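J.: protein36.txt is reproduced in full below (compact mmCIF, N, CA and C atoms).
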# COMPACT_ATOMS: atom_id res chain seq x y z
N MET H 975 -22.06 -16.02 9.74
CA MET H 975 -20.66 -16.35 9.60
C MET H 975 -19.82 -15.27 10.30
N ALA H 976 -18.93 -15.69 11.17
CA ALA H 976 -18.04 -14.76 11.86
C ALA H 976 -16.90 -14.36 10.93
N LEU H 977 -16.53 -13.09 11.00
CA LEU H 977 -15.43 -12.59 10.18
C LEU H 977 -14.11 -12.87 10.87
N ASN H 978 -13.10 -13.23 10.08
CA ASN H 978 -11.78 -13.40 10.67
C ASN H 978 -11.03 -12.06 10.62
N LYS H 979 -9.89 -12.02 11.29
CA LYS H 979 -9.12 -10.78 11.41
C LYS H 979 -8.72 -10.20 10.04
N LYS H 980 -8.34 -11.07 9.13
CA LYS H 980 -7.93 -10.62 7.79
C LYS H 980 -9.11 -10.00 7.03
N GLN H 981 -10.29 -10.60 7.14
CA GLN H 981 -11.48 -10.06 6.47
C GLN H 981 -11.83 -8.68 7.04
N ILE H 982 -11.73 -8.54 8.34
CA ILE H 982 -12.03 -7.25 8.98
C ILE H 982 -11.04 -6.19 8.51
N GLU H 983 -9.76 -6.54 8.50
CA GLU H 983 -8.72 -5.61 8.05
C GLU H 983 -8.93 -5.21 6.59
N GLU H 984 -9.17 -6.19 5.73
CA GLU H 984 -9.36 -5.92 4.30
C GLU H 984 -10.61 -5.05 4.06
N ALA H 985 -11.68 -5.31 4.79
CA ALA H 985 -12.90 -4.51 4.65
C ALA H 985 -12.64 -3.07 5.07
N GLY H 986 -11.89 -2.88 6.14
CA GLY H 986 -11.56 -1.53 6.59
C GLY H 986 -10.71 -0.78 5.58
N ILE H 987 -9.68 -1.44 5.07
CA ILE H 987 -8.80 -0.81 4.08
C ILE H 987 -9.57 -0.49 2.80
N ALA H 988 -10.41 -1.41 2.36
CA ALA H 988 -11.20 -1.18 1.14
C ALA H 988 -12.12 0.02 1.30
N SER H 989 -12.76 0.16 2.47
CA SER H 989 -13.66 1.30 2.67
C SER H 989 -12.88 2.61 2.72
N LEU H 990 -11.69 2.59 3.33
CA LEU H 990 -10.88 3.81 3.38
C LEU H 990 -10.40 4.19 1.98
N LYS H 991 -9.96 3.20 1.20
CA LYS H 991 -9.53 3.48 -0.17
C LYS H 991 -10.67 4.11 -0.97
N GLN H 992 -11.85 3.53 -0.85
CA GLN H 992 -13.02 4.05 -1.56
C GLN H 992 -13.34 5.47 -1.13
N TYR H 993 -13.27 5.73 0.15
CA TYR H 993 -13.54 7.07 0.68
C TYR H 993 -12.53 8.08 0.15
N LEU H 994 -11.25 7.72 0.15
CA LEU H 994 -10.20 8.64 -0.29
C LEU H 994 -10.24 8.91 -1.79
N LEU H 995 -10.83 8.01 -2.56
CA LEU H 995 -10.96 8.23 -4.00
C LEU H 995 -11.79 9.47 -4.33
N ASP H 996 -12.65 9.87 -3.40
CA ASP H 996 -13.49 11.05 -3.62
C ASP H 996 -12.72 12.36 -3.54
N SER H 997 -11.50 12.34 -3.02
CA SER H 997 -10.73 13.58 -2.88
C SER H 997 -9.73 13.74 -4.02
N PRO H 998 -9.83 14.85 -4.75
CA PRO H 998 -8.86 15.10 -5.82
C PRO H 998 -7.53 15.65 -5.29
N TYR H 999 -7.42 15.79 -3.95
CA TYR H 999 -6.23 16.34 -3.32
C TYR H 999 -5.36 15.28 -2.63
N ILE H 1000 -5.84 14.03 -2.61
CA ILE H 1000 -5.15 12.98 -1.87
C ILE H 1000 -4.89 11.77 -2.76
N ASP H 1001 -3.65 11.30 -2.72
CA ASP H 1001 -3.27 10.04 -3.36
C ASP H 1001 -2.86 9.10 -2.24
N SER H 1002 -3.49 7.94 -2.17
CA SER H 1002 -3.20 7.02 -1.07
C SER H 1002 -2.34 5.85 -1.51
N ASP H 1003 -1.48 5.43 -0.62
CA ASP H 1003 -0.69 4.21 -0.79
C ASP H 1003 -1.02 3.34 0.41
N LEU H 1004 -1.98 2.42 0.22
CA LEU H 1004 -2.48 1.57 1.30
C LEU H 1004 -2.33 0.11 0.90
N PRO H 1005 -1.18 -0.48 1.16
CA PRO H 1005 -1.00 -1.88 0.77
C PRO H 1005 -1.89 -2.81 1.59
N SER H 1006 -2.36 -3.87 0.96
CA SER H 1006 -3.17 -4.87 1.66
C SER H 1006 -2.26 -5.85 2.38
N ASN H 1007 -2.78 -6.39 3.47
CA ASN H 1007 -2.06 -7.39 4.26
C ASN H 1007 -0.68 -6.89 4.69
N ASP H 1008 -0.62 -5.62 5.06
CA ASP H 1008 0.62 -4.96 5.45
C ASP H 1008 1.10 -5.46 6.80
N LYS H 1009 2.38 -5.74 6.92
CA LYS H 1009 2.97 -6.22 8.18
C LYS H 1009 4.02 -5.25 8.70
N THR H 1010 4.07 -4.03 8.17
CA THR H 1010 5.03 -3.04 8.63
C THR H 1010 4.67 -2.62 10.05
N PRO H 1011 5.65 -2.59 10.97
CA PRO H 1011 5.32 -2.18 12.33
C PRO H 1011 4.93 -0.70 12.41
N SER H 1012 3.86 -0.41 13.12
CA SER H 1012 3.40 0.93 13.45
C SER H 1012 2.76 1.72 12.31
N PHE H 1013 3.06 1.41 11.07
CA PHE H 1013 2.54 2.20 9.95
C PHE H 1013 1.92 1.28 8.89
N ASP H 1014 0.86 1.78 8.25
CA ASP H 1014 0.16 0.97 7.24
C ASP H 1014 0.14 1.60 5.86
N GLY H 1015 0.90 2.63 5.65
CA GLY H 1015 0.91 3.28 4.34
C GLY H 1015 1.08 4.77 4.49
N SER H 1016 0.68 5.48 3.44
CA SER H 1016 0.84 6.94 3.46
C SER H 1016 -0.20 7.61 2.57
N LEU H 1017 -0.37 8.89 2.83
CA LEU H 1017 -1.21 9.74 1.99
C LEU H 1017 -0.33 10.85 1.45
N THR H 1018 -0.38 11.06 0.14
CA THR H 1018 0.31 12.19 -0.46
C THR H 1018 -0.74 13.27 -0.67
N ILE H 1019 -0.46 14.45 -0.14
CA ILE H 1019 -1.40 15.57 -0.16
C ILE H 1019 -0.95 16.60 -1.20
N TYR H 1020 -1.91 17.09 -1.98
CA TYR H 1020 -1.63 18.08 -3.03
C TYR H 1020 -2.38 19.38 -2.76
N THR H 1021 -1.84 20.48 -3.26
CA THR H 1021 -2.46 21.79 -3.04
C THR H 1021 -3.61 22.07 -4.02
N THR H 1022 -3.59 21.40 -5.16
CA THR H 1022 -4.65 21.57 -6.16
C THR H 1022 -5.07 20.20 -6.68
N PRO H 1023 -6.26 20.09 -7.24
CA PRO H 1023 -6.69 18.81 -7.81
C PRO H 1023 -5.78 18.40 -8.95
N GLY H 1024 -5.70 17.10 -9.19
CA GLY H 1024 -4.95 16.61 -10.33
C GLY H 1024 -3.76 15.76 -9.97
N LEU H 1025 -3.31 15.81 -8.75
CA LEU H 1025 -2.22 14.97 -8.26
C LEU H 1025 -0.93 15.14 -9.06
N LYS H 1026 -0.60 16.38 -9.42
CA LYS H 1026 0.65 16.64 -10.14
C LYS H 1026 1.76 16.91 -9.12
N LYS H 1027 2.95 16.35 -9.39
CA LYS H 1027 4.02 16.45 -8.40
C LYS H 1027 4.45 17.89 -8.11
N LYS H 1028 4.26 18.80 -9.05
CA LYS H 1028 4.62 20.19 -8.79
C LYS H 1028 3.69 20.82 -7.73
N ASN H 1029 2.53 20.18 -7.50
CA ASN H 1029 1.57 20.68 -6.51
C ASN H 1029 1.55 19.85 -5.23
N MET H 1030 2.56 19.01 -5.04
CA MET H 1030 2.61 18.16 -3.86
C MET H 1030 2.94 18.98 -2.62
N LYS H 1031 2.11 18.82 -1.59
CA LYS H 1031 2.30 19.54 -0.32
C LYS H 1031 3.15 18.72 0.64
N GLY H 1032 2.93 17.42 0.66
CA GLY H 1032 3.69 16.56 1.57
C GLY H 1032 3.11 15.17 1.65
N ILE H 1033 3.77 14.35 2.46
CA ILE H 1033 3.36 12.96 2.65
C ILE H 1033 3.11 12.74 4.13
N ALA H 1034 1.98 12.09 4.44
CA ALA H 1034 1.62 11.79 5.83
C ALA H 1034 1.60 10.29 6.03
N ALA H 1035 2.29 9.83 7.06
CA ALA H 1035 2.25 8.41 7.43
C ALA H 1035 0.89 8.12 8.06
N ILE H 1036 0.39 6.91 7.84
CA ILE H 1036 -0.90 6.55 8.42
C ILE H 1036 -0.83 5.19 9.11
N GLN H 1037 -1.74 5.01 10.04
CA GLN H 1037 -1.96 3.73 10.70
C GLN H 1037 -3.45 3.44 10.62
N ILE H 1038 -3.81 2.21 10.26
CA ILE H 1038 -5.21 1.83 10.12
C ILE H 1038 -5.50 0.67 11.05
N LYS H 1039 -6.54 0.81 11.85
CA LYS H 1039 -7.02 -0.27 12.70
C LYS H 1039 -8.47 -0.52 12.34
N SER H 1040 -8.79 -1.74 11.99
CA SER H 1040 -10.16 -2.12 11.67
C SER H 1040 -10.69 -2.99 12.80
N THR H 1041 -11.96 -2.79 13.15
CA THR H 1041 -12.54 -3.53 14.26
C THR H 1041 -14.03 -3.76 14.04
N THR H 1042 -14.56 -4.79 14.68
CA THR H 1042 -16.01 -5.01 14.70
C THR H 1042 -16.56 -4.71 16.09
N ASN H 1043 -15.72 -4.19 16.96
CA ASN H 1043 -16.13 -3.86 18.33
C ASN H 1043 -17.03 -2.64 18.31
N LYS H 1044 -18.29 -2.84 18.66
CA LYS H 1044 -19.29 -1.78 18.58
C LYS H 1044 -19.03 -0.62 19.54
N SER H 1045 -18.24 -0.84 20.58
CA SER H 1045 -18.00 0.22 21.56
C SER H 1045 -17.28 1.41 20.93
N ILE H 1046 -16.57 1.18 19.82
CA ILE H 1046 -15.88 2.28 19.14
C ILE H 1046 -16.89 3.32 18.64
N LEU H 1047 -18.11 2.90 18.33
CA LEU H 1047 -19.13 3.82 17.84
C LEU H 1047 -19.54 4.82 18.93
N LYS H 1048 -19.51 4.39 20.19
CA LYS H 1048 -19.88 5.28 21.30
C LYS H 1048 -18.68 5.99 21.89
N ASN H 1049 -17.65 5.23 22.19
CA ASN H 1049 -16.52 5.78 22.95
C ASN H 1049 -15.48 6.49 22.11
N ARG H 1050 -15.35 6.08 20.87
CA ARG H 1050 -14.33 6.62 19.97
C ARG H 1050 -12.95 6.60 20.60
N LYS H 1051 -12.66 5.49 21.25
CA LYS H 1051 -11.34 5.27 21.85
C LYS H 1051 -10.78 3.97 21.29
N PHE H 1052 -9.48 3.95 21.14
CA PHE H 1052 -8.83 2.74 20.65
C PHE H 1052 -7.46 2.65 21.32
N PRO H 1053 -7.09 1.48 21.84
CA PRO H 1053 -5.80 1.37 22.52
C PRO H 1053 -4.63 1.51 21.53
N VAL H 1054 -3.61 2.22 21.98
CA VAL H 1054 -2.40 2.41 21.18
C VAL H 1054 -1.21 2.08 22.07
N GLU H 1055 -0.35 1.22 21.59
CA GLU H 1055 0.82 0.83 22.37
C GLU H 1055 1.82 1.98 22.45
N VAL H 1056 2.53 2.03 23.57
CA VAL H 1056 3.55 3.06 23.79
C VAL H 1056 4.63 2.98 22.70
N ALA H 1057 5.01 1.77 22.31
CA ALA H 1057 6.03 1.61 21.26
C ALA H 1057 5.56 2.27 19.96
N ASP H 1058 4.27 2.13 19.63
CA ASP H 1058 3.74 2.78 18.43
C ASP H 1058 3.77 4.29 18.58
N LEU H 1059 3.38 4.79 19.75
CA LEU H 1059 3.41 6.24 19.98
C LEU H 1059 4.83 6.78 19.81
N ASN H 1060 5.80 6.07 20.33
CA ASN H 1060 7.20 6.49 20.15
C ASN H 1060 7.58 6.50 18.68
N ASN H 1061 7.15 5.48 17.93
CA ASN H 1061 7.45 5.44 16.50
C ASN H 1061 6.77 6.59 15.76
N TYR H 1062 5.53 6.92 16.12
CA TYR H 1062 4.83 8.05 15.50
C TYR H 1062 5.58 9.35 15.79
N PHE H 1063 6.06 9.47 17.01
CA PHE H 1063 6.78 10.68 17.41
C PHE H 1063 8.04 10.84 16.56
N HIS H 1064 8.78 9.76 16.37
CA HIS H 1064 10.02 9.83 15.60
C HIS H 1064 9.77 10.02 14.10
N GLN H 1065 8.56 9.74 13.66
CA GLN H 1065 8.17 9.94 12.25
C GLN H 1065 7.55 11.32 12.06
N SER H 1066 7.50 12.13 13.12
CA SER H 1066 6.90 13.47 13.11
C SER H 1066 5.38 13.42 12.98
N GLY H 1067 4.77 12.36 13.47
CA GLY H 1067 3.32 12.28 13.51
C GLY H 1067 2.75 11.21 12.60
N VAL H 1068 1.43 11.04 12.72
CA VAL H 1068 0.73 10.02 11.95
C VAL H 1068 -0.75 10.41 11.88
N ILE H 1069 -1.43 9.95 10.86
CA ILE H 1069 -2.89 10.04 10.83
C ILE H 1069 -3.37 8.64 11.21
N PHE H 1070 -4.10 8.56 12.31
CA PHE H 1070 -4.52 7.28 12.87
C PHE H 1070 -5.98 7.05 12.52
N PHE H 1071 -6.26 6.01 11.74
CA PHE H 1071 -7.62 5.67 11.34
C PHE H 1071 -8.11 4.47 12.14
N VAL H 1072 -9.34 4.56 12.64
CA VAL H 1072 -10.02 3.41 13.21
C VAL H 1072 -11.29 3.23 12.39
N ILE H 1073 -11.47 2.03 11.87
CA ILE H 1073 -12.61 1.77 10.99
C ILE H 1073 -13.47 0.67 11.60
N TYR H 1074 -14.70 1.03 11.89
CA TYR H 1074 -15.66 0.05 12.39
C TYR H 1074 -16.25 -0.68 11.20
N VAL H 1075 -16.19 -2.00 11.22
CA VAL H 1075 -16.77 -2.85 10.19
C VAL H 1075 -17.96 -3.59 10.81
N ASN H 1076 -19.12 -3.41 10.21
CA ASN H 1076 -20.31 -4.10 10.71
C ASN H 1076 -20.15 -5.60 10.43
N PRO H 1077 -20.14 -6.44 11.47
CA PRO H 1077 -19.93 -7.87 11.26
C PRO H 1077 -21.07 -8.56 10.50
N ASN H 1078 -22.24 -7.90 10.44
CA ASN H 1078 -23.38 -8.47 9.71
C ASN H 1078 -23.46 -8.00 8.26
N ASN H 1079 -22.70 -6.95 7.94
CA ASN H 1079 -22.68 -6.42 6.58
C ASN H 1079 -21.30 -5.80 6.36
N ILE H 1080 -20.40 -6.56 5.81
CA ILE H 1080 -18.99 -6.17 5.69
C ILE H 1080 -18.78 -4.89 4.87
N ARG H 1081 -19.76 -4.52 4.06
CA ARG H 1081 -19.65 -3.29 3.26
C ARG H 1081 -20.10 -2.05 4.03
N GLN H 1082 -20.64 -2.26 5.21
CA GLN H 1082 -21.10 -1.14 6.04
C GLN H 1082 -20.00 -0.82 7.05
N THR H 1083 -19.40 0.36 6.90
CA THR H 1083 -18.29 0.76 7.77
C THR H 1083 -18.49 2.19 8.26
N LYS H 1084 -17.75 2.53 9.27
CA LYS H 1084 -17.72 3.90 9.80
C LYS H 1084 -16.26 4.23 10.04
N ILE H 1085 -15.79 5.33 9.46
CA ILE H 1085 -14.38 5.70 9.53
C ILE H 1085 -14.19 6.85 10.51
N TYR H 1086 -13.25 6.65 11.43
CA TYR H 1086 -12.84 7.69 12.37
C TYR H 1086 -11.35 7.93 12.15
N TYR H 1087 -10.90 9.16 12.40
CA TYR H 1087 -9.47 9.42 12.31
C TYR H 1087 -9.05 10.48 13.31
N LYS H 1088 -7.79 10.45 13.64
CA LYS H 1088 -7.20 11.47 14.50
C LYS H 1088 -5.83 11.78 13.93
N ASP H 1089 -5.62 13.05 13.63
CA ASP H 1089 -4.28 13.45 13.21
C ASP H 1089 -3.45 13.64 14.47
N MET H 1090 -2.42 12.87 14.58
CA MET H 1090 -1.58 12.88 15.77
C MET H 1090 -0.27 13.59 15.45
N LEU H 1091 -0.24 14.86 15.86
CA LEU H 1091 0.95 15.67 15.65
C LEU H 1091 1.90 15.46 16.83
N LEU H 1092 3.10 16.00 16.74
CA LEU H 1092 4.09 15.79 17.79
C LEU H 1092 3.58 16.19 19.16
N PHE H 1093 2.89 17.32 19.23
CA PHE H 1093 2.35 17.77 20.51
C PHE H 1093 1.36 16.75 21.07
N ASP H 1094 0.46 16.24 20.24
CA ASP H 1094 -0.53 15.26 20.68
C ASP H 1094 0.15 13.98 21.19
N ILE H 1095 1.15 13.54 20.48
CA ILE H 1095 1.83 12.30 20.84
C ILE H 1095 2.59 12.48 22.16
N LYS H 1096 3.24 13.64 22.30
CA LYS H 1096 3.96 13.94 23.53
C LYS H 1096 3.01 13.92 24.72
N GLU H 1097 1.85 14.53 24.55
CA GLU H 1097 0.84 14.56 25.62
C GLU H 1097 0.32 13.15 25.92
N ALA H 1098 0.10 12.36 24.89
CA ALA H 1098 -0.39 10.99 25.08
C ALA H 1098 0.65 10.15 25.82
N LEU H 1099 1.90 10.35 25.49
CA LEU H 1099 2.95 9.60 26.17
C LEU H 1099 3.07 10.01 27.64
N LYS H 1100 2.84 11.27 27.91
CA LYS H 1100 2.89 11.76 29.29
C LYS H 1100 1.79 11.15 30.14
N GLY H 1101 0.57 11.25 29.67
CA GLY H 1101 -0.57 10.89 30.49
C GLY H 1101 -1.03 9.45 30.40
N LYS H 1102 -0.57 8.70 29.46
CA LYS H 1102 -1.13 7.36 29.23
C LYS H 1102 -0.08 6.27 29.23
N LYS H 1103 1.07 6.48 29.79
CA LYS H 1103 2.13 5.48 29.73
C LYS H 1103 1.73 4.15 30.36
N ARG H 1104 0.97 4.19 31.43
CA ARG H 1104 0.68 2.94 32.14
C ARG H 1104 -0.33 2.06 31.42
N ASN H 1105 -1.44 2.65 30.97
CA ASN H 1105 -2.46 1.78 30.37
C ASN H 1105 -2.36 1.72 28.85
N ASN H 1106 -1.38 2.44 28.27
CA ASN H 1106 -1.12 2.36 26.83
C ASN H 1106 -2.32 2.70 25.96
N GLN H 1107 -3.22 3.52 26.44
CA GLN H 1107 -4.41 3.85 25.66
C GLN H 1107 -4.42 5.33 25.33
N LEU H 1108 -4.75 5.63 24.09
CA LEU H 1108 -4.85 7.01 23.64
C LEU H 1108 -6.32 7.35 23.47
N ASN H 1109 -6.74 8.47 24.01
CA ASN H 1109 -8.13 8.91 23.86
C ASN H 1109 -8.28 9.80 22.67
With the file now loaded, output its structure as structure tokens.
T.:
Amino acid sequence: MALNKKQIEEAGIASLKQYLLDSPYIDSDLPSNDKTPSFDGSLTIYTTPGLKKKNMKGIAAIQIKSTTNKSILKNRKFPVEVADLNNYFHQSGVIFFVIYVNPNNIRQTKIYYKDMLLFDIKEALKGKKRNNQLN
């Protein structure tokens, strides 16, 4: 059975949620079936375990892309639109997750991420404007 886009997205988000549950320093807000442009939620980071607001360090915007394309396992590249890069820049950065979902076993995933700070985004916009791809 071939997976549809929604199943792939939901499997990726579920695996990321499960992975983040292991950290006592991170509280995630990852809505399902999110249609917000450029961003898919946020991570609240704490300085000590327990997730108490007095120990909150900050909030990071995130973007999640789920795929069954096996080339991500070798190349670790994923196309990013220039409009998204501009939005990340204006948000002061983003943590960009790409999650490979095995199409033969939806519970088998591999999570990759890149923290994209202002410097990284500026460089990506400089060198990749034409093909809209971020390495």
J.: Counting all atoms listed in the file, which residue out of H:Ser989, H:Thr1010, H:Ser1066, H:Gln981 sits closest to Gln1082 (chain H)?
T.: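 So, comparing all the options, the nearest one is H:Ser989.
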J.: Would you list the contacts of Met1090 (chain H) as a list in words, taking every protein, DNA or RNA residue within 7 Å and counting all atoms listed in the file, but skipping same-chain residues closer than 3 positions in sequence?
T.: Ser1066, Gly1067, Val1068, Ile1069, Phe1070, Phe1093, Asp1094 and Ile1095 of chain H
J.: Quick check, in Å to one decimal: how far apart do CA of Ile1033 (chain H) and CA of Ala988 (chain H) lie?
T.: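 Result for CA of Ile1033 (chain H) versus CA of Ala988 (chain H): 20.4 Å, one decimal.
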J.: Tell me which protein, DNA and RNA residues are within 5 Å of Val1072 (chain H), counting only N, CA and C atoms, leaving out same-chain ones fewer than 4 positions away, and put them as a list of chain:residue names.
T.: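 Near neighbours after the sequence-gap exclusion: H:Lys1039, H:Ile1085, H:Tyr1086, H:Tyr1087.
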J.: Suppose you want the space between atom C of Leu1025 (chain H) and atom C of Pro998 (chain H); what is it in Å?
T.: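 A separation of 7.6 Å between them.
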J.: Between atom N of Lys979 (chain H) and CA of Thr1041 (chain H), what is the distance in Å, rounded to a tenth?
T.: 9.4 Å
J.: Residues at most 5 Å from Lys1031 (chain H), counting only N, CA and C atoms, excluding those fewer than 6 positions away in the same chain, as a PyMOL selection string?
T.: chain H and resi 1019-1021
J.: Name all residues at most 9 Å from Leu990 (chain H) (count only C-alpha atoms; drop same-chain ones fewer than 2 positions away) and give them as JSON, numbers by chain.
T.: {"H": [985, 986, 987, 988, 992, 993, 994, 995, 1004, 1071, 1073, 1085]}
J.: As a list in words, please: the residues near Phe1013 (chain H) (cut-off 6 Å, all atoms listed in the file, same-chain neighbours under 4 positions excluded).
T.: Ile1036, Gln1037 and Ile1038 of chain H
J.: Identify which of the residues H:Val1075, H:Leu1099, H:Ile1080, H:Leu1059 lies closest to Ser1012 (chain H), counting all atoms listed in the file when measuring atom-to-atom distances.
T.: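 Ranked by minimum distance to Ser1012 (chain H), first place goes to H:Leu1059.
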J.: Which of region 1017-1090 of chain H end up as strand (DSSP E or B) when DSSP is run on this backbone - answer as a PyMOL selection string?
T.: chain H and resi 1017-1020+1030-1041+1052-1053+1068-1075+1083-1090
J.: Can you list, as a ChimeraX atom specification, every residue of chain H that DSSP puts in alpha helix (DSSP H)?
T.: /H:979-994,1045-1049,1056-1064,1092-1101
J.: Would you mind writing region 1027-1040 of chain H with N, CA, C and O atoms, as a PDB file, in the coordinates of the input?
T.:
ATOM      1  N   LYS H1027       2.950  16.350  -9.390  1.00  0.00           N
ATOM      2  CA  LYS H1027       4.020  16.450  -8.400  1.00  0.00           C
ATOM      3  C   LYS H1027       4.450  17.890  -8.110  1.00  0.00           C
ATOM      4  O   LYS H1027       4.901  18.186  -7.022  1.00  0.00           O
ATOM      5  N   LYS H1028       4.260  18.800  -9.050  1.00  0.00           N
ATOM      6  CA  LYS H1028       4.620  20.190  -8.790  1.00  0.00           C
ATOM      7  C   LYS H1028       3.690  20.820  -7.730  1.00  0.00           C
ATOM      8  O   LYS H1028       4.020  21.828  -7.139  1.00  0.00           O
ATOM      9  N   ASN H1029       2.530  20.180  -7.500  1.00  0.00           N
ATOM     10  CA  ASN H1029       1.570  20.680  -6.510  1.00  0.00           C
ATOM     11  C   ASN H1029       1.550  19.850  -5.230  1.00  0.00           C
ATOM     12  O   ASN H1029       0.648  19.991  -4.407  1.00  0.00           O
ATOM     13  N   MET H1030       2.560  19.010  -5.040  1.00  0.00           N
ATOM     14  CA  MET H1030       2.610  18.160  -3.860  1.00  0.00           C
ATOM     15  C   MET H1030       2.940  18.980  -2.620  1.00  0.00           C
ATOM     16  O   MET H1030       3.886  19.759  -2.612  1.00  0.00           O
ATOM     17  N   LYS H1031       2.110  18.820  -1.590  1.00  0.00           N
ATOM     18  CA  LYS H1031       2.300  19.540  -0.320  1.00  0.00           C
ATOM     19  C   LYS H1031       3.150  18.720   0.640  1.00  0.00           C
ATOM     20  O   LYS H1031       3.960  19.247   1.373  1.00  0.00           O
ATOM     21  N   GLY H1032       2.930  17.420   0.660  1.00  0.00           N
ATOM     22  CA  GLY H1032       3.690  16.560   1.570  1.00  0.00           C
ATOM     23  C   GLY H1032       3.110  15.170   1.650  1.00  0.00           C
ATOM     24  O   GLY H1032       2.106  14.850   1.018  1.00  0.00           O
ATOM     25  N   ILE H1033       3.770  14.350   2.460  1.00  0.00           N
ATOM     26  CA  ILE H1033       3.360  12.960   2.650  1.00  0.00           C
ATOM     27  C   ILE H1033       3.110  12.740   4.130  1.00  0.00           C
ATOM     28  O   ILE H1033       3.915  13.144   4.974  1.00  0.00           O
ATOM     29  N   ALA H1034       1.980  12.090   4.440  1.00  0.00           N
ATOM     30  CA  ALA H1034       1.620  11.790   5.830  1.00  0.00           C
ATOM     31  C   ALA H1034       1.600  10.290   6.030  1.00  0.00           C
ATOM     32  O   ALA H1034       0.968   9.560   5.263  1.00  0.00           O
ATOM     33  N   ALA H1035       2.290   9.830   7.060  1.00  0.00           N
ATOM     34  CA  ALA H1035       2.250   8.410   7.430  1.00  0.00           C
ATOM     35  C   ALA H1035       0.890   8.120   8.060  1.00  0.00           C
ATOM     36  O   ALA H1035       0.300   8.989   8.709  1.00  0.00           O
ATOM     37  N   ILE H1036       0.390   6.910   7.840  1.00  0.00           N
ATOM     38  CA  ILE H1036      -0.900   6.550   8.420  1.00  0.00           C
ATOM     39  C   ILE H1036      -0.830   5.190   9.110  1.00  0.00           C
ATOM     40  O   ILE H1036       0.018   4.356   8.786  1.00  0.00           O
ATOM     41  N   GLN H1037      -1.740   5.010  10.040  1.00  0.00           N
ATOM     42  CA  GLN H1037      -1.960   3.730  10.700  1.00  0.00           C
ATOM     43  C   GLN H1037      -3.450   3.440  10.620  1.00  0.00           C
ATOM     44  O   GLN H1037      -4.264   4.340  10.851  1.00  0.00           O
ATOM     45  N   ILE H1038      -3.810   2.210  10.260  1.00  0.00           N
ATOM     46  CA  ILE H1038      -5.210   1.830  10.120  1.00  0.00           C
ATOM     47  C   ILE H1038      -5.500   0.670  11.050  1.00  0.00           C
ATOM     48  O   ILE H1038      -4.792  -0.342  11.030  1.00  0.00           O
ATOM     49  N   LYS H1039      -6.540   0.810  11.850  1.00  0.00           N
ATOM     50  CA  LYS H1039      -7.020  -0.270  12.700  1.00  0.00           C
ATOM     51  C   LYS H1039      -8.470  -0.520  12.340  1.00  0.00           C
ATOM     52  O   LYS H1039      -9.285   0.407  12.372  1.00  0.00           O
ATOM     53  N   SER H1040      -8.790  -1.740  11.990  1.00  0.00           N
ATOM     54  CA  SER H1040     -10.160  -2.120  11.670  1.00  0.00           C
ATOM     55  C   SER H1040     -10.690  -2.990  12.800  1.00  0.00           C
ATOM     56  O   SER H1040      -9.967  -3.843  13.315  1.00  0.00           O
TER      57      SER H1040
END
